[in-house]
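query.cif follows (mmCIF, C-alpha atoms, pLDDT in the B column; chains and numbers go by the auth columns):
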```cif
data_protein
loop_
_atom_site.group_PDB
_atom_site.id
_atom_site.type_symbol
_atom_site.label_atom_id
_atom_site.label_comp_id
_atom_site.label_asym_id
_atom_site.label_seq_id
_atom_site.Cartn_x
_atom_site.Cartn_y
_atom_site.Cartn_z
_atom_site.B_iso_or_equiv
_atom_site.auth_seq_id
_atom_site.auth_asym_id
ATOM 1 C CA MET A 1 -0.944 -42.346 15.481 49.00 849 A
ATOM 2 C CA THR A 2 1.271 -40.644 18.076 49.00 850 A
ATOM 3 C CA GLY A 3 1.811 -43.590 20.432 54.00 851 A
ATOM 4 C CA THR A 4 5.287 -44.472 19.112 72.00 852 A
ATOM 5 C CA MET A 5 6.058 -41.144 17.479 84.00 853 A
ATOM 6 C CA ALA A 6 8.743 -38.890 18.911 88.00 854 A
ATOM 7 C CA CYS A 7 8.534 -35.131 18.907 90.00 855 A
ATOM 8 C CA TYR A 8 10.143 -33.718 15.774 89.00 856 A
ATOM 9 C CA HIS A 9 12.104 -31.120 17.736 87.00 857 A
ATOM 10 C CA HIS A 10 12.629 -33.151 20.937 88.00 858 A
ATOM 11 C CA SER A 11 13.587 -36.614 19.745 85.00 859 A
ATOM 12 C CA SER A 12 13.807 -38.006 23.270 87.00 860 A
ATOM 13 C CA VAL A 13 10.241 -36.946 24.093 89.00 861 A
ATOM 14 C CA GLN A 14 7.135 -38.810 22.980 90.00 862 A
ATOM 15 C CA ALA A 15 4.739 -36.855 20.799 91.00 863 A
ATOM 16 C CA VAL A 16 1.284 -36.111 22.172 90.00 864 A
ATOM 17 C CA GLY A 17 -0.109 -34.920 18.870 90.00 865 A
ATOM 18 C CA GLN A 18 0.674 -33.915 15.313 91.00 866 A
ATOM 19 C CA CYS A 19 1.227 -30.531 13.752 91.00 867 A
ATOM 20 C CA ASN A 20 -2.050 -29.300 12.300 91.00 868 A
ATOM 21 C CA LYS A 21 -0.166 -28.036 9.242 91.00 869 A
ATOM 22 C CA CYS A 22 2.469 -30.606 8.271 91.00 870 A
ATOM 23 C CA GLY A 23 1.681 -33.616 10.454 89.00 871 A
ATOM 24 C CA LYS A 24 4.999 -33.748 12.324 90.00 872 A
ATOM 25 C CA GLY A 25 4.919 -35.275 15.774 92.00 873 A
ATOM 26 C CA ILE A 26 5.004 -32.662 18.532 92.00 874 A
ATOM 27 C CA CYS A 27 5.312 -32.965 22.293 91.00 875 A
ATOM 28 C CA LYS A 28 3.216 -31.137 24.873 89.00 876 A
ATOM 29 C CA LYS A 29 5.700 -28.252 25.096 88.00 877 A
ATOM 30 C CA CYS A 30 5.538 -27.694 21.340 90.00 878 A
ATOM 31 C CA TYR A 31 1.787 -28.264 21.132 87.00 879 A
ATOM 32 C CA ASP A 32 1.052 -25.742 23.873 88.00 880 A
ATOM 33 C CA GLY A 33 3.818 -23.299 22.941 86.00 881 A
ATOM 34 C CA TYR A 34 3.029 -23.118 19.220 89.00 882 A
ATOM 35 C CA ARG A 35 -0.741 -23.641 19.533 86.00 883 A
ATOM 36 C CA GLY A 36 -1.143 -26.932 17.753 90.00 884 A
ATOM 37 C CA VAL A 37 1.566 -26.576 15.130 91.00 885 A
ATOM 38 C CA CYS A 38 5.276 -27.284 15.076 92.00 886 A
ATOM 39 C CA TYR A 39 7.935 -24.608 15.435 91.00 887 A
ATOM 40 C CA ASP A 40 8.754 -24.580 11.715 92.00 888 A
ATOM 41 C CA CYS A 41 5.130 -24.057 10.663 93.00 889 A
ATOM 42 C CA ALA A 42 4.574 -21.415 13.343 93.00 890 A
ATOM 43 C CA VAL A 43 7.579 -19.409 12.134 93.00 891 A
ATOM 44 C CA LYS A 44 6.546 -19.869 8.498 93.00 892 A
ATOM 45 C CA ALA A 45 3.032 -18.576 9.178 93.00 893 A
ATOM 46 C CA VAL A 46 4.289 -15.505 11.033 94.00 894 A
ATOM 47 C CA ASN A 47 6.872 -14.784 8.315 94.00 895 A
ATOM 48 C CA GLU A 48 4.154 -14.967 5.650 94.00 896 A
ATOM 49 C CA ASN A 49 2.014 -12.514 7.597 93.00 897 A
ATOM 50 C CA LEU A 50 5.047 -10.274 8.139 94.00 898 A
ATOM 51 C CA ASP A 51 5.870 -10.282 4.418 94.00 899 A
ATOM 52 C CA GLU A 52 2.266 -9.426 3.592 93.00 900 A
ATOM 53 C CA ALA A 53 2.296 -6.505 6.051 93.00 901 A
ATOM 54 C CA MET A 54 5.598 -5.214 4.673 94.00 902 A
ATOM 55 C CA ASP A 55 4.327 -5.487 1.073 93.00 903 A
ATOM 56 C CA PHE A 56 1.232 -3.519 2.050 92.00 904 A
ATOM 57 C CA LYS A 57 3.330 -0.798 3.670 92.00 905 A
ATOM 58 C CA GLU A 58 5.550 -0.650 0.589 91.00 906 A
ATOM 59 C CA SER A 59 2.496 -0.181 -1.655 89.00 907 A
ATOM 60 C CA VAL A 60 1.283 2.680 0.551 88.00 908 A
ATOM 61 C CA VAL A 61 4.730 4.297 0.461 88.00 909 A
ATOM 62 C CA ARG A 62 4.793 4.051 -3.344 85.00 910 A
ATOM 63 C CA ALA A 63 1.341 5.646 -3.581 81.00 911 A
ATOM 64 C CA ARG A 64 2.355 8.378 -1.134 81.00 912 A
ATOM 65 C CA ASN A 65 5.560 9.118 -3.063 81.00 913 A
ATOM 66 C CA GLY A 66 3.577 9.256 -6.303 76.00 914 A
ATOM 67 C CA MET A 67 1.203 11.777 -4.742 72.00 915 A
ATOM 68 C CA LYS A 68 4.134 13.868 -3.505 73.00 916 A
ATOM 69 C CA THR A 69 5.779 13.839 -6.946 73.00 917 A
ATOM 70 C CA GLY A 70 2.535 14.825 -8.635 68.00 918 A
ATOM 71 C CA SER A 71 1.977 17.561 -6.081 66.00 919 A
ATOM 72 C CA ILE A 72 5.457 19.014 -6.587 69.00 920 A
ATOM 73 C CA ILE A 73 5.063 19.013 -10.376 69.00 921 A
ATOM 74 C CA GLY A 74 1.578 20.501 -10.094 64.00 922 A
ATOM 75 C CA GLY A 75 2.812 23.121 -7.638 63.00 923 A
ATOM 76 C CA VAL A 76 5.647 24.217 -9.940 67.00 924 A
ATOM 77 C CA ILE A 77 3.294 24.429 -12.932 66.00 925 A
ATOM 78 C CA GLY A 78 0.770 26.327 -10.814 61.00 926 A
ATOM 79 C CA LEU A 79 3.483 28.746 -9.668 61.00 927 A
ATOM 80 C CA VAL A 80 4.536 29.494 -13.258 66.00 928 A
ATOM 81 C CA ILE A 81 0.903 29.950 -14.344 63.00 929 A
ATOM 82 C CA GLY A 82 0.201 32.162 -11.324 58.00 930 A
ATOM 83 C CA ILE A 83 3.165 34.448 -12.000 60.00 931 A
ATOM 84 C CA ALA A 84 2.422 34.640 -15.750 63.00 932 A
ATOM 85 C CA ALA A 85 -1.284 35.319 -15.177 59.00 933 A
ATOM 86 C CA GLY A 86 -0.608 37.973 -12.553 56.00 934 A
ATOM 87 C CA VAL A 87 2.052 39.802 -14.569 57.00 935 A
ATOM 88 C CA ASN A 88 0.218 39.651 -17.902 60.00 936 A
ATOM 89 C CA ALA A 89 -2.985 40.906 -16.318 55.00 937 A
ATOM 90 C CA GLY A 90 -1.126 43.974 -15.122 54.00 938 A
ATOM 91 C CA THR A 91 -2.526 43.608 -11.627 53.00 939 A
ATOM 92 C CA GLY A 92 -1.110 44.990 -8.446 57.00 940 A
ATOM 93 C CA VAL A 93 1.310 43.386 -6.028 59.00 941 A
ATOM 94 C CA LEU A 94 -1.409 41.867 -3.866 56.00 942 A
ATOM 95 C CA GLU A 95 -3.126 40.295 -6.879 57.00 943 A
ATOM 96 C CA VAL A 96 0.144 38.867 -8.149 58.00 944 A
ATOM 97 C CA ILE A 97 0.905 37.448 -4.712 59.00 945 A
ATOM 98 C CA GLY A 98 -2.634 36.026 -4.622 58.00 946 A
ATOM 99 C CA MET A 99 -2.123 34.303 -7.949 59.00 947 A
ATOM 100 C CA ILE A 100 1.255 32.982 -6.792 59.00 948 A
ATOM 101 C CA ILE A 101 -0.399 31.452 -3.719 60.00 949 A
ATOM 102 C CA ILE A 102 -3.679 30.228 -5.240 60.00 950 A
ATOM 103 C CA CYS A 103 -2.318 28.621 -8.431 61.00 951 A
ATOM 104 C CA PRO A 104 0.424 26.573 -6.734 60.00 952 A
ATOM 105 C CA THR A 105 -2.081 25.464 -4.079 60.00 953 A
ATOM 106 C CA LEU A 106 -4.494 24.242 -6.742 59.00 954 A
ATOM 107 C CA GLY A 107 -1.560 22.725 -8.597 63.00 955 A
ATOM 108 C CA LEU A 108 -0.457 20.815 -5.509 58.00 956 A
ATOM 109 C CA CYS A 109 -3.946 19.387 -5.006 58.00 957 A
ATOM 110 C CA LEU A 110 -4.524 18.588 -8.670 58.00 958 A
ATOM 111 C CA GLY A 111 -1.090 17.037 -9.043 60.00 959 A
ATOM 112 C CA GLY A 112 -1.692 14.890 -5.983 57.00 960 A
ATOM 113 C CA SER A 113 -5.048 13.474 -7.085 58.00 961 A
ATOM 114 C CA LEU A 114 -5.606 14.019 -10.808 58.00 962 A
ATOM 115 C CA VAL A 115 -3.142 11.308 -11.830 59.00 963 A
ATOM 116 C CA ALA A 116 -4.984 8.839 -9.601 60.00 964 A
ATOM 117 C CA VAL A 117 -8.306 9.782 -11.220 60.00 965 A
ATOM 118 C CA ILE A 118 -6.894 9.406 -14.747 62.00 966 A
ATOM 119 C CA LYS A 119 -5.369 6.040 -13.826 63.00 967 A
ATOM 120 C CA ALA A 120 -8.683 4.871 -12.359 64.00 968 A
ATOM 121 C CA VAL A 121 -10.533 5.806 -15.565 63.00 969 A
ATOM 122 C CA TYR A 122 -7.888 4.037 -17.641 64.00 970 A
ATOM 123 C CA ASP A 123 -7.968 0.900 -15.460 68.00 971 A
ATOM 124 C CA VAL A 124 -11.762 0.655 -15.705 68.00 972 A
ATOM 125 C CA ILE A 125 -11.707 0.901 -19.494 65.00 973 A
ATOM 126 C CA ALA A 126 -8.689 -1.409 -19.840 65.00 974 A
ATOM 127 C CA SER A 127 -10.372 -4.043 -17.635 69.00 975 A
ATOM 128 C CA LEU A 128 -13.186 -4.292 -20.197 66.00 976 A
ATOM 129 C CA PHE A 129 -10.621 -5.554 -22.716 62.00 977 A
ATOM 130 C CA LYS A 130 -8.700 -7.767 -20.264 65.00 978 A
ATOM 131 C CA ASN A 131 -9.551 -11.090 -21.916 62.00 979 A
ATOM 132 C CA LYS A 132 -9.562 -9.790 -25.476 60.00 980 A
ATOM 133 C CA SER A 133 -7.021 -10.273 -28.258 63.00 981 A
ATOM 134 C CA GLU A 134 -3.927 -8.081 -28.558 61.00 982 A
ATOM 135 C CA ASP A 135 -5.589 -5.994 -31.294 61.00 983 A
ATOM 136 C CA ASP A 136 -8.643 -5.465 -29.107 61.00 984 A
ATOM 137 C CA LYS A 137 -6.418 -4.538 -26.176 58.00 985 A
ATOM 138 C CA GLY A 138 -4.673 -1.982 -28.343 64.00 986 A
ATOM 139 C CA ALA A 139 -8.030 -0.595 -29.396 67.00 987 A
ATOM 140 C CA GLY A 140 -9.118 -0.526 -25.759 64.00 988 A
ATOM 141 C CA CYS A 141 -6.044 1.483 -24.761 67.00 989 A
ATOM 142 C CA LEU A 142 -6.693 3.915 -27.614 71.00 990 A
ATOM 143 C CA VAL A 143 -10.314 4.327 -26.515 71.00 991 A
ATOM 144 C CA ALA A 144 -9.136 4.901 -22.945 66.00 992 A
ATOM 145 C CA PHE A 145 -6.744 7.653 -24.001 69.00 993 A
ATOM 146 C CA ILE A 146 -9.383 9.293 -26.216 74.00 994 A
ATOM 147 C CA ILE A 147 -11.949 9.299 -23.400 70.00 995 A
ATOM 148 C CA ILE A 148 -9.412 10.635 -20.929 64.00 996 A
ATOM 149 C CA GLY A 149 -8.398 13.312 -23.450 68.00 997 A
ATOM 150 C CA ILE A 150 -12.010 14.381 -23.961 72.00 998 A
ATOM 151 C CA ALA A 151 -12.788 14.263 -20.259 66.00 999 A
ATOM 152 C CA ILE A 152 -9.632 16.007 -19.080 64.00 1000 A
ATOM 153 C CA VAL A 153 -11.127 19.522 -19.115 63.00 1001 A
ATOM 154 C CA PRO A 154 -14.303 18.721 -17.118 70.00 1002 A
ATOM 155 C CA ILE A 155 -12.226 16.523 -14.840 63.00 1003 A
ATOM 156 C CA MET A 156 -9.846 19.433 -14.216 62.00 1004 A
ATOM 157 C CA VAL A 157 -12.742 21.768 -13.440 63.00 1005 A
ATOM 158 C CA ILE A 158 -14.380 19.310 -11.051 65.00 1006 A
ATOM 159 C CA MET A 159 -11.123 18.309 -9.398 62.00 1007 A
ATOM 160 C CA THR A 160 -10.218 21.953 -8.805 61.00 1008 A
ATOM 161 C CA PHE A 161 -13.021 22.080 -6.260 64.00 1009 A
ATOM 162 C CA ILE A 162 -12.773 18.637 -4.715 67.00 1010 A
ATOM 163 C CA CYS A 163 -9.003 18.022 -4.916 65.00 1011 A
ATOM 164 C CA PRO A 164 -8.131 19.891 -1.704 66.00 1012 A
ATOM 165 C CA ILE A 165 -10.526 17.599 0.165 71.00 1013 A
ATOM 166 C CA VAL A 166 -9.491 14.458 -1.726 70.00 1014 A
ATOM 167 C CA THR A 167 -5.783 15.172 -1.305 71.00 1015 A
ATOM 168 C CA GLY A 168 -6.204 15.853 2.404 74.00 1016 A
ATOM 169 C CA ILE A 169 -8.199 12.654 2.924 79.00 1017 A
ATOM 170 C CA ARG A 170 -5.671 10.602 0.950 78.00 1018 A
ATOM 171 C CA PHE A 171 -2.765 12.118 2.892 80.00 1019 A
ATOM 172 C CA PHE A 172 -4.205 11.332 6.333 85.00 1020 A
ATOM 173 C CA LYS A 173 -5.495 7.931 5.216 87.00 1021 A
ATOM 174 C CA GLN A 174 -2.059 6.919 3.946 86.00 1022 A
ATOM 175 C CA LYS A 175 -0.452 8.253 7.118 88.00 1023 A
ATOM 176 C CA LYS A 176 -2.815 6.147 9.230 92.00 1024 A
ATOM 177 C CA GLN A 177 -2.238 3.073 7.032 91.00 1025 A
ATOM 178 C CA MET A 178 1.528 3.422 7.406 91.00 1026 A
ATOM 179 C CA GLU A 179 1.234 3.799 11.194 92.00 1027 A
ATOM 180 C CA GLU A 180 -1.015 0.716 11.391 93.00 1028 A
ATOM 181 C CA ALA A 181 1.362 -1.229 9.140 92.00 1029 A
ATOM 182 C CA ASP A 182 4.317 -0.297 11.372 94.00 1030 A
ATOM 183 C CA ILE A 183 2.407 -1.520 14.433 94.00 1031 A
ATOM 184 C CA THR A 184 1.476 -4.775 12.682 94.00 1032 A
ATOM 185 C CA ILE A 185 5.051 -5.343 11.507 94.00 1033 A
ATOM 186 C CA GLU A 186 6.375 -4.692 14.998 95.00 1034 A
ATOM 187 C CA GLU A 187 3.868 -7.171 16.463 94.00 1035 A
ATOM 188 C CA TYR A 188 4.854 -9.908 13.994 93.00 1036 A
ATOM 189 C CA GLU A 189 8.569 -9.285 14.597 94.00 1037 A
ATOM 190 C CA ASP A 190 7.929 -9.478 18.348 95.00 1038 A
ATOM 191 C CA THR A 191 6.037 -12.739 17.833 93.00 1039 A
ATOM 192 C CA LEU A 192 8.959 -14.173 15.859 92.00 1040 A
ATOM 193 C CA THR A 193 11.351 -13.218 18.657 93.00 1041 A
ATOM 194 C CA LYS A 194 9.119 -14.894 21.244 92.00 1042 A
ATOM 195 C CA LEU A 195 8.832 -18.044 19.120 91.00 1043 A
ATOM 196 C CA ARG A 196 12.602 -18.270 18.714 90.00 1044 A
ATOM 197 C CA ASN A 197 13.229 -17.618 22.406 91.00 1045 A
ATOM 198 C CA TYR A 198 10.657 -20.234 23.411 89.00 1046 A
ATOM 199 C CA HIS A 199 12.212 -22.720 20.996 88.00 1047 A
ATOM 200 C CA LYS A 200 15.658 -22.156 22.485 87.00 1048 A
ATOM 201 C CA PHE A 201 14.223 -22.489 25.988 85.00 1049 A
ATOM 202 C CA SER A 202 12.367 -25.705 25.179 82.00 1050 A
ATOM 203 C CA MET A 203 15.433 -27.210 23.465 79.00 1051 A
ATOM 204 C CA ALA A 204 17.599 -26.350 26.455 70.00 1052 A
ATOM 205 C CA GLY A 205 15.066 -27.930 28.773 57.00 1053 A
#
```

This entry written out as structure tokens:
Amino acid sequence: MTGTMACYHHSSVQAVGQCNKCGKGICKKCYDGYRGVCYDCAVKAVNENLDEAMDFKESVVRARNGMKTGSIIGGVIGLVIGIAAGVNAGTGVLEVIGMIIICPTLGLCLGGSLVAVIKAVYDVIASLFKNKSEDDKGAGCLVAFIIIGIAIVPIMVIMTFICPIVTGIRFFKQKKQMEEADITIEEYEDTLTKLRNYHKFSMAG
């Protein structure tokens, strides 16, 4: 039904088709330039993708900041423990320095990943009570905390060995995700600029 329909954006030009999204009449310039949709729908689609990419980057930044905070706290605690252990043991200077280096290092790794492990355990248990009553949810949270409390010691022991690897992997993975998100955001912003420039050009023509 485009025989008597004018292009939505070029009222003096007859439409050759309709927008695949909203059904507005679009001329050949619009149809070819925006790939079968009108300018408004093209911009809307790109903006939605841009928002999604920015939200993803924000979530990665939050996770990265959380890991940094945990690592700093863990490092400080590890430093205090290292100094106290070295001094109380009456060891020599090299042993004290060793404790000061080793404990903060372990603290950094544990602080960066242990919170994530505890949260994962809690989320799994809490999900089992997702559709339950408020009383059951409360009981589920209590169970989660009890299990985490019981498991904290073995978790600490295990994480002491694997945390350096886990923390390193998480760090580089988040770095790569942020770089990819920046590239994606830049591409969508560039697409928006091209769409707007093409729209101005087609309106001028």

Review point. Could you name the residues that touch Asn868 in chain A at 7 Å or less, counting all atoms listed in the file, but leaving out those on the same chain fewer than 2 positions away, as a ChimeraX atom specification?
Key: /A:866,870-871,884-885

Practice item. Could you list the residues chosen by the PyMOL selection byres ((chain A and resi 1048) around 12) in this structure as a list in words? Key: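 Answer for the PyMOL selection byres ((chain A and resi 1048) around 12): His857, His858, Lys877, Cys878, Gly881, Tyr887, Thr1041, Lys1042, Leu1043, Arg1044, Asn1045, Tyr1046, His1047, Phe1049, Ser1050, Met1051, Ala1052 and Gly1053 of chain A.
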
Keeping only C-alpha atoms, write the selected residues as a compact mmCIF listing (two decimals), in the frame of the given file.
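Written out: part_23.txt:
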```
# COMPACT_ATOMS: atom_id res chain seq x y z
CA HIS A 857 12.10 -31.12 17.74
CA HIS A 858 12.63 -33.15 20.94
CA LYS A 877 5.70 -28.25 25.10
CA CYS A 878 5.54 -27.69 21.34
CA GLY A 881 3.82 -23.30 22.94
CA TYR A 887 7.94 -24.61 15.44
CA THR A 1041 11.35 -13.22 18.66
CA LYS A 1042 9.12 -14.89 21.24
CA LEU A 1043 8.83 -18.04 19.12
CA ARG A 1044 12.60 -18.27 18.71
CA ASN A 1045 13.23 -17.62 22.41
CA TYR A 1046 10.66 -20.23 23.41
CA HIS A 1047 12.21 -22.72 21.00
CA PHE A 1049 14.22 -22.49 25.99
CA SER A 1050 12.37 -25.70 25.18
CA MET A 1051 15.43 -27.21 23.46
CA ALA A 1052 17.60 -26.35 26.46
CA GLY A 1053 15.07 -27.93 28.77
```

Review point. Could you write out as an NGL selection string the residues that the PyMOL selection byres ((chain A and resi 902) around 12) matches in the shown file?
Key: :A and (895-901 or 903-909 or 1025-1034 or 1036-1037)

Exercise for review: For CA of Lys876 in chain A and CA of Ala893 in chain A, determine how far apart the two atoms are, in Å to one decimal place.
Suggested key: 20.1 Å

**Study point:** Atomic distance CA of Ala911 in chain A - CA of Gln1022 in chain A, expressed in Å with one decimal
**Key:**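 Distance between the two atoms: 8.4 Å.
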
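Interatomic distance, CA of Met915 in chain A against CA of Phe1019 in chain A: 8.6 Å.
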
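Each of A:Val861, A:Tyr856, A:Cys889, A:Val894 was compared to Gly873 in chain A using all atoms listed in the file, and A:Tyr856 turns out to be the nearest.
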